[in-house]
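*Asks:* Have a look at this one.
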Amino acid sequence: MSPEVKPDFLISPEGLRIDGRRPDELRPIELKVGVLKQANGSASIRQGKTYIIAGVYGPRELHPRHLTLNDRAYLRVVYRMATFSVPDRKRPAPSRREREISMVIANALKPALFLEEFPKSVVDVHIIVIQADGGTRCAAINAASLALADAGIPMRSLVPAVAVGKADGKLLVDLGDEEDKYGQGDVPMAIMPQTDEITLLQQDGFFKREELVEAMQMGINSCKYLHELQKDALKRVYVQKTSDSDGEEFEDDLETDLGDAEIMGDE
Amino acid sequence: MGDFSSKTIGHIDREFIHDLIKKGERLDGREFGEYREVTIEANVVPAKAEGSALVRLGDTSVVAGVKVLVGEPYADSPNKGVMMVTAELSPIASPLFELGPPKEGAIELARVVDRGVRESGTVDVEALCIEEGKKVFMVFADVYPLEYDGNLIDASSIAVNAALMTTKYSEMKMEDGKAVATGKMLKLPIKNIAIEHTVSKLGDSLVIDANLREEFVQDCRLTMAVDQNENFTALQKGGGSGPMSLDLVDQAMGMALDSSKTIKAIIDEAVKDVE
């Protein structure tokens, strides 16, 4: 019920966006790995005002049994929004939108995972949107991918994701809430950075063919940057800090067993 | 110790915990009447929720958010707003929680925390009336556990009360039969604060704020809502069918009273800077 006001313009005369960003600039992003003790792997993301937590359980026994896959693990993604994450209270029951987003997130993550290592089991990815301010499905993928890595699920690569959109005729990266609502289109996408293969692609609004290609190229560039942020977030938790490393101070808000950090020791 | 990722617990673990308790000790070295560390982050959903709080009780954590909506009053209370607490046991919080419609545990959690808020008259629902019989404010406080290591009830009660205390919403007035925002921000009309304290019975002993392992082997638990004037405003015996003597109930009430001031002070401290 917080009053929503349509802004006068989305791109200022100086070419800056409503929150002062340049067209290809992401919102401030904070990624944290290992934020939940009960989960096998977890991560949180703050992207602008968007705040999302992802937790991974498994591989473990799959219930109900009829979902079992004989040659690989079943990747079950549940994307849910907290009732208080949006201006009007969201009804507590899962919506059709949440079900669809759960599915596309699963499809975005699957190509990166070696699920065939765990036949007949399930890997559960639970995502809660605590505060939604645009770009939640992409932010959710960024966090879920980190949580899967934290859980030790073998993977080809992390999966970064970003939404590219159009407002006042200009292509913009990482749409905020107003840009999403009052802009002319939105292209959420996720990639595997090693190969630039696209694992999530959706679109709404109006785009010419060249615009879409340009938008996707912008998206790939931003995803590469996000991929670096994701790797940094993992290193903060998994790479052992030597006693003589003065400059960089990593905050340590979890009890991680640094003894197992050798796996990441190729840095 | 076992890994506690399933609903069963080995006899060895069960006996180990009971033996410790008999010796006057707890698994994590706490006194019987001692809470785990309580930390509260108030206003964690500042852009979308009218009030919110993230509470950690040891390794248990929950987030609560408040939404204030305009709706129609119930027919039997035309001059009263609505105050409601709901909870969902999302499987993100524990390997023990499963997907699907709410089960007994989630329903009990929501109802017990709701009772603690409602029966103590925390929010003055008459002050939430915009126009009698037409429009009232509806206050929803929703709880999402993030990590479950025992005693979700107390963590949720602390979170809901802290979230309500930080809640700010826009004043409304009626114009041509419609509710219109005046632009003035109001605080919730809070009359009273009652926090729930849960004591578990293990054998002949009582411990407050049980962690998950203790919950597994408890005979039962007793949840008590205590307000700032040391009134008991809600009770719930649950978490197992073990019987409790009047003497033990009295002892449990003493433990709740001993903790109530400290916990309330932690909440007051956490919400005082939220403007």
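Residues in the structure tokens are named by chain (A, B, ... in the order shown) and by number from 1 within that chain; ligands are numbered from 1 in the order shown.
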Give one line per residue of region 25-98 of chain B that approaches region 110-125 of chain A to at most 12 Å, naming the two atoms of the closest pair and their distance in Å to one decimal, counting only C-alpha atoms; sort by chain then ascending residue number and deliver it as CSV.

*Replies:*
```
residue,atom,partner,partner_atom,distance
B:Ser90,CA,A:Val125,CA,11.6
B:Pro91,CA,A:Asp124,CA,9.0
B:Ile92,CA,A:Val125,CA,8.0
B:Ala93,CA,A:Val125,CA,11.6
B:Ser94,CA,A:Asp124,CA,11.6
B:Pro95,CA,A:Asp124,CA,10.0
B:Phe97,CA,A:Asp124,CA,11.9
B:Glu98,CA,A:Asp124,CA,10.6
```

*Asks:* Output the contact residues of chain B with respect to chain A at a cut-off of 7 Å, based on only C-alpha atoms, as a PyMOL selection string.

*Replies:* chain B and resi 45+47-49+65-67+69+91-94+142+147-148

*Asks:* Write the residues you've just listed into a file as a PDB file, in the first residue's frame, and include C-alpha atoms for each of them.

*Replies:*
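Result file follows (selection_10.pdb):
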```pdb
ATOM      1  CA  VAL B  45      12.979  -4.832   4.688  1.00  0.00           C
ATOM      2  CA  ALA B  47      11.784  -0.436   1.119  1.00  0.00           C
ATOM      3  CA  LYS B  48       8.723  -2.672   0.930  1.00  0.00           C
ATOM      4  CA  ALA B  49       7.538  -3.753   4.377  1.00  0.00           C
ATOM      5  CA  GLY B  65       7.656  -8.514   8.151  1.00  0.00           C
ATOM      6  CA  VAL B  66       4.566  -6.370   8.700  1.00  0.00           C
ATOM      7  CA  LYS B  67       2.183  -5.227   5.961  1.00  0.00           C
ATOM      8  CA  LEU B  69      -3.432  -2.772   4.252  1.00  0.00           C
ATOM      9  CA  PRO B  91      12.070 -25.915   3.684  1.00  0.00           C
ATOM     10  CA  ILE B  92      14.984 -23.466   3.412  1.00  0.00           C
ATOM     11  CA  ALA B  93      15.188 -23.490   7.214  1.00  0.00           C
ATOM     12  CA  SER B  94      15.758 -27.168   7.923  1.00  0.00           C
ATOM     13  CA  ASP B 142       4.248 -12.803   8.608  1.00  0.00           C
ATOM     14  CA  GLU B 147      17.406 -21.488  10.157  1.00  0.00           C
ATOM     15  CA  TYR B 148      15.815 -23.977  12.547  1.00  0.00           C
TER      16      TYR B 148
END
```

*Asks:* Residues of region 34-181 of chain B classed as helix (DSSP H, G or I) by DSSP on the backbone are to be reported as number ranges by chain.

*Replies:* B: 104-119, 125-128, 152-165

*Asks:* Could you take the residues named above and write them with N, CA and C atoms, as a CSV table (one decimal), in the first residue's frame?

*Replies:*
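File part_13.csv, as written:
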```
chain,number,residue,atom,x,y,z
B,104,GLU,N,0.9,-29.4,10.8
B,104,GLU,CA,0.6,-29.1,12.2
B,104,GLU,C,1.6,-28.1,12.8
B,105,GLY,N,2.9,-28.3,12.5
B,105,GLY,CA,3.9,-27.5,13.2
B,105,GLY,C,3.8,-26.1,12.8
B,106,ALA,N,3.6,-25.8,11.5
B,106,ALA,CA,3.5,-24.4,11.0
B,106,ALA,C,2.2,-23.8,11.5
B,107,ILE,N,1.2,-24.5,11.6
B,107,ILE,CA,-0.1,-24.0,12.1
B,107,ILE,C,0.0,-23.6,13.5
B,108,GLU,N,0.6,-24.6,14.3
B,108,GLU,CA,0.7,-24.3,15.8
B,108,GLU,C,1.6,-23.0,16.0
B,109,LEU,N,2.7,-23.0,15.2
B,109,LEU,CA,3.6,-21.8,15.4
B,109,LEU,C,2.9,-20.5,15.2
B,110,ALA,N,2.2,-20.4,14.0
B,110,ALA,CA,1.5,-19.2,13.7
B,110,ALA,C,0.4,-18.9,14.7
B,111,ARG,N,-0.3,-19.9,15.2
B,111,ARG,CA,-1.4,-19.6,16.1
B,111,ARG,C,-0.9,-19.3,17.5
B,112,VAL,N,0.2,-19.9,17.9
B,112,VAL,CA,0.7,-19.6,19.2
B,112,VAL,C,1.3,-18.1,19.2
B,113,VAL,N,2.0,-17.8,18.2
B,113,VAL,CA,2.6,-16.4,18.2
B,113,VAL,C,1.4,-15.4,18.0
B,114,ASP,N,0.4,-15.8,17.2
B,114,ASP,CA,-0.7,-14.9,17.0
B,114,ASP,C,-1.4,-14.7,18.3
B,115,ARG,N,-1.6,-15.7,19.1
B,115,ARG,CA,-2.3,-15.6,20.4
B,115,ARG,C,-1.5,-14.7,21.3
B,116,GLY,N,-0.2,-14.9,21.3
B,116,GLY,CA,0.6,-14.0,22.2
B,116,GLY,C,0.4,-12.5,21.9
B,117,VAL,N,0.3,-12.2,20.6
B,117,VAL,CA,0.1,-10.8,20.2
B,117,VAL,C,-1.3,-10.4,20.4
B,118,ARG,N,-2.3,-11.2,20.1
B,118,ARG,CA,-3.7,-10.8,20.1
B,118,ARG,C,-4.2,-10.7,21.5
B,119,GLU,N,-3.9,-11.8,22.3
B,119,GLU,CA,-4.5,-11.8,23.7
B,119,GLU,C,-3.9,-10.8,24.6
B,125,VAL,N,-6.7,-2.4,18.3
B,125,VAL,CA,-7.4,-2.5,17.0
B,125,VAL,C,-8.5,-1.5,16.8
B,126,GLU,N,-9.0,-0.9,17.9
B,126,GLU,CA,-10.0,0.2,17.7
B,126,GLU,C,-9.4,1.4,17.1
B,127,ALA,N,-8.1,1.6,17.4
B,127,ALA,CA,-7.5,2.8,16.8
B,127,ALA,C,-7.1,2.6,15.3
B,128,LEU,N,-7.4,1.4,14.8
B,128,LEU,CA,-7.1,1.1,13.4
B,128,LEU,C,-8.3,1.3,12.5
B,152,LEU,N,11.5,-22.2,17.7
B,152,LEU,CA,11.1,-21.2,16.7
B,152,LEU,C,10.0,-20.2,17.3
B,153,ILE,N,9.3,-20.7,18.3
B,153,ILE,CA,8.2,-19.9,18.9
B,153,ILE,C,8.8,-18.6,19.5
B,154,ASP,N,9.8,-18.7,20.4
B,154,ASP,CA,10.3,-17.5,21.0
B,154,ASP,C,11.0,-16.6,20.0
B,155,ALA,N,11.7,-17.2,19.1
B,155,ALA,CA,12.4,-16.4,18.0
B,155,ALA,C,11.3,-15.6,17.2
B,156,SER,N,10.2,-16.3,16.9
B,156,SER,CA,9.2,-15.7,16.1
B,156,SER,C,8.5,-14.6,16.9
B,157,SER,N,8.2,-14.9,18.2
B,157,SER,CA,7.5,-13.9,19.0
B,157,SER,C,8.4,-12.6,19.1
B,158,ILE,N,9.7,-12.8,19.3
B,158,ILE,CA,10.6,-11.6,19.4
B,158,ILE,C,10.6,-10.9,18.1
B,159,ALA,N,10.6,-11.6,17.0
B,159,ALA,CA,10.7,-11.0,15.7
B,159,ALA,C,9.4,-10.2,15.4
B,160,VAL,N,8.3,-10.8,15.6
B,160,VAL,CA,7.0,-10.2,15.3
B,160,VAL,C,6.8,-8.9,16.2
B,161,ASN,N,7.1,-9.0,17.5
B,161,ASN,CA,7.0,-7.8,18.3
B,161,ASN,C,7.9,-6.7,17.9
B,162,ALA,N,9.2,-7.1,17.6
B,162,ALA,CA,10.2,-6.1,17.2
B,162,ALA,C,9.7,-5.4,15.8
B,163,ALA,N,9.1,-6.3,14.9
B,163,ALA,CA,8.7,-5.7,13.6
B,163,ALA,C,7.5,-4.8,13.9
B,164,LEU,N,6.6,-5.2,14.8
B,164,LEU,CA,5.4,-4.3,15.0
B,164,LEU,C,5.9,-3.0,15.6
B,165,MET,N,6.9,-3.0,16.5
B,165,MET,CA,7.4,-1.8,17.1
B,165,MET,C,8.0,-0.9,16.1
```

*Asks:* Running DSSP on the backbone, which parts of region 39-86 of chain A land in strand (DSSP E or B), as a PyMOL selection string?

*Replies:* chain A and resi 41-47+50-61+74-81

*Asks:* For the selection you just gave me, I'd like the residues written to a file as an mmCIF file, in the first residue's frame, keeping N, CA and C atoms.

*Replies:*
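Contents of the output file result.cif:
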```cif
data_model
loop_
_atom_site.group_PDB
_atom_site.id
_atom_site.type_symbol
_atom_site.label_atom_id
_atom_site.label_comp_id
_atom_site.auth_asym_id
_atom_site.auth_seq_id
_atom_site.Cartn_x
_atom_site.Cartn_y
_atom_site.Cartn_z
ATOM 1 N N GLY A 41 24.252 -25.838 1.563
ATOM 2 C CA GLY A 41 24.904 -24.706 0.905
ATOM 3 C C GLY A 41 23.944 -23.539 0.903
ATOM 4 N N SER A 42 24.469 -22.315 0.975
ATOM 5 C CA SER A 42 23.563 -21.168 0.998
ATOM 6 C C SER A 42 24.290 -19.916 0.544
ATOM 7 N N ALA A 43 23.503 -18.939 0.122
ATOM 8 C CA ALA A 43 24.075 -17.663 -0.283
ATOM 9 C C ALA A 43 22.982 -16.608 -0.227
ATOM 10 N N SER A 44 23.401 -15.357 -0.037
ATOM 11 C CA SER A 44 22.424 -14.267 -0.096
ATOM 12 C C SER A 44 22.926 -13.227 -1.077
ATOM 13 N N ILE A 45 21.988 -12.484 -1.642
ATOM 14 C CA ILE A 45 22.357 -11.408 -2.552
ATOM 15 C C ILE A 45 21.543 -10.168 -2.222
ATOM 16 N N ARG A 46 22.238 -9.047 -2.166
ATOM 17 C CA ARG A 46 21.567 -7.747 -2.135
ATOM 18 C C ARG A 46 21.951 -7.048 -3.419
ATOM 19 N N GLN A 47 20.975 -6.708 -4.217
ATOM 20 C CA GLN A 47 21.227 -6.033 -5.483
ATOM 21 C C GLN A 47 20.324 -4.811 -5.470
ATOM 22 N N THR A 50 16.807 -5.068 -3.738
ATOM 23 C CA THR A 50 16.413 -6.476 -3.789
ATOM 24 C C THR A 50 17.264 -7.281 -2.809
ATOM 25 N N TYR A 51 16.604 -8.158 -2.036
ATOM 26 C CA TYR A 51 17.313 -8.965 -1.048
ATOM 27 C C TYR A 51 16.768 -10.391 -1.110
ATOM 28 N N ILE A 52 17.637 -11.340 -1.412
ATOM 29 C CA ILE A 52 17.207 -12.720 -1.639
ATOM 30 C C ILE A 52 18.152 -13.677 -0.918
ATOM 31 N N ILE A 53 17.574 -14.744 -0.346
ATOM 32 C CA ILE A 53 18.378 -15.794 0.288
ATOM 33 C C ILE A 53 18.101 -17.119 -0.413
ATOM 34 N N ALA A 54 19.144 -17.873 -0.720
ATOM 35 C CA ALA A 54 18.985 -19.188 -1.343
ATOM 36 C C ALA A 54 19.647 -20.234 -0.470
ATOM 37 N N GLY A 55 18.983 -21.378 -0.309
ATOM 38 C CA GLY A 55 19.528 -22.492 0.461
ATOM 39 C C GLY A 55 19.442 -23.767 -0.350
ATOM 40 N N VAL A 56 20.477 -24.602 -0.271
ATOM 41 C CA VAL A 56 20.507 -25.856 -1.028
ATOM 42 C C VAL A 56 20.583 -27.033 -0.061
ATOM 43 N N TYR A 57 19.741 -28.031 -0.288
ATOM 44 C CA TYR A 57 19.785 -29.285 0.460
ATOM 45 C C TYR A 57 20.002 -30.428 -0.519
ATOM 46 N N GLY A 58 20.920 -31.316 -0.203
ATOM 47 C CA GLY A 58 21.086 -32.475 -1.056
ATOM 48 C C GLY A 58 22.487 -32.568 -1.608
ATOM 49 N N PRO A 59 22.746 -33.574 -2.459
ATOM 50 C CA PRO A 59 21.794 -34.576 -2.941
ATOM 51 C C PRO A 59 21.237 -35.424 -1.794
ATOM 52 N N ARG A 60 19.941 -35.648 -1.812
ATOM 53 C CA ARG A 60 19.320 -36.464 -0.772
ATOM 54 C C ARG A 60 18.163 -37.247 -1.377
ATOM 55 N N GLU A 61 17.555 -38.088 -0.527
ATOM 56 C CA GLU A 61 16.477 -38.943 -0.996
ATOM 57 C C GLU A 61 15.310 -38.097 -1.508
ATOM 58 N N TYR A 74 17.299 -35.082 -9.598
ATOM 59 C CA TYR A 74 16.234 -34.157 -9.925
ATOM 60 C C TYR A 74 16.587 -32.820 -9.272
ATOM 61 N N LEU A 75 16.587 -31.745 -10.056
ATOM 62 C CA LEU A 75 16.882 -30.424 -9.491
ATOM 63 C C LEU A 75 15.560 -29.742 -9.208
ATOM 64 N N ARG A 76 15.250 -29.592 -7.911
ATOM 65 C CA ARG A 76 13.964 -28.997 -7.542
ATOM 66 C C ARG A 76 14.208 -27.578 -7.035
ATOM 67 N N VAL A 77 13.729 -26.613 -7.776
ATOM 68 C CA VAL A 77 13.906 -25.211 -7.394
ATOM 69 C C VAL A 77 12.570 -24.655 -6.930
ATOM 70 N N VAL A 78 12.570 -24.049 -5.759
ATOM 71 C CA VAL A 78 11.348 -23.414 -5.273
ATOM 72 C C VAL A 78 11.645 -21.943 -5.008
ATOM 73 N N TYR A 79 11.092 -21.095 -5.856
ATOM 74 C CA TYR A 79 11.260 -19.645 -5.723
ATOM 75 C C TYR A 79 10.007 -19.107 -5.048
ATOM 76 N N ARG A 80 10.176 -18.466 -3.894
ATOM 77 C CA ARG A 80 9.008 -17.920 -3.193
ATOM 78 C C ARG A 80 9.294 -16.489 -2.768
ATOM 79 N N MET A 81 8.232 -15.677 -2.802
ATOM 80 C CA MET A 81 8.370 -14.306 -2.324
ATOM 81 C C MET A 81 7.729 -14.207 -0.947
#
```

*Asks:* Here is a test: counting only C-alpha atoms, which residue of A:Gln230, A:Leu109, A:Glu179, A:Gly134 is nearest to Ile198 (chain A)?

*Replies:*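 Nearest candidate to Ile198 (chain A) out of A:Gln230, A:Leu109, A:Glu179, A:Gly134: A:Leu109.
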
*Asks:* What does the distance between CA of Gly240 (chain B) and CA of Arg221 (chain B) come to in Å, to one decimal place?

*Replies:*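 Between these atoms lies a distance of 7.2 Å.
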
*Asks:* For Lys166 (chain A), list every protein, DNA or RNA residue within 7 Å, evaluated using only C-alpha atoms, and leave out those in the same chain fewer than 6 positions away; present the list as a list in words.

*Replies:*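 Close residues of Lys166 (chain A): Leu172, Gly183, Gln184, Gly185 and Asp186 of chain A.
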
*Asks:* Quick one: residues within 12 Å of Arg22 (chain A), only C-alpha atoms counted, chain neighbours fewer than 2 positions away excluded, as a PyMOL selection string?

*Replies:* chain A and resi 10-12+14-20+24-27+170-175

*Asks:* Could you check which of B:Leu206, B:Val85, B:Ala141, B:Glu214 is closest to Glu50 (chain B), using only C-alpha atoms?

*Replies:*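 Of the candidates, the smallest distance to Glu50 (chain B) is held by B:Ala141.
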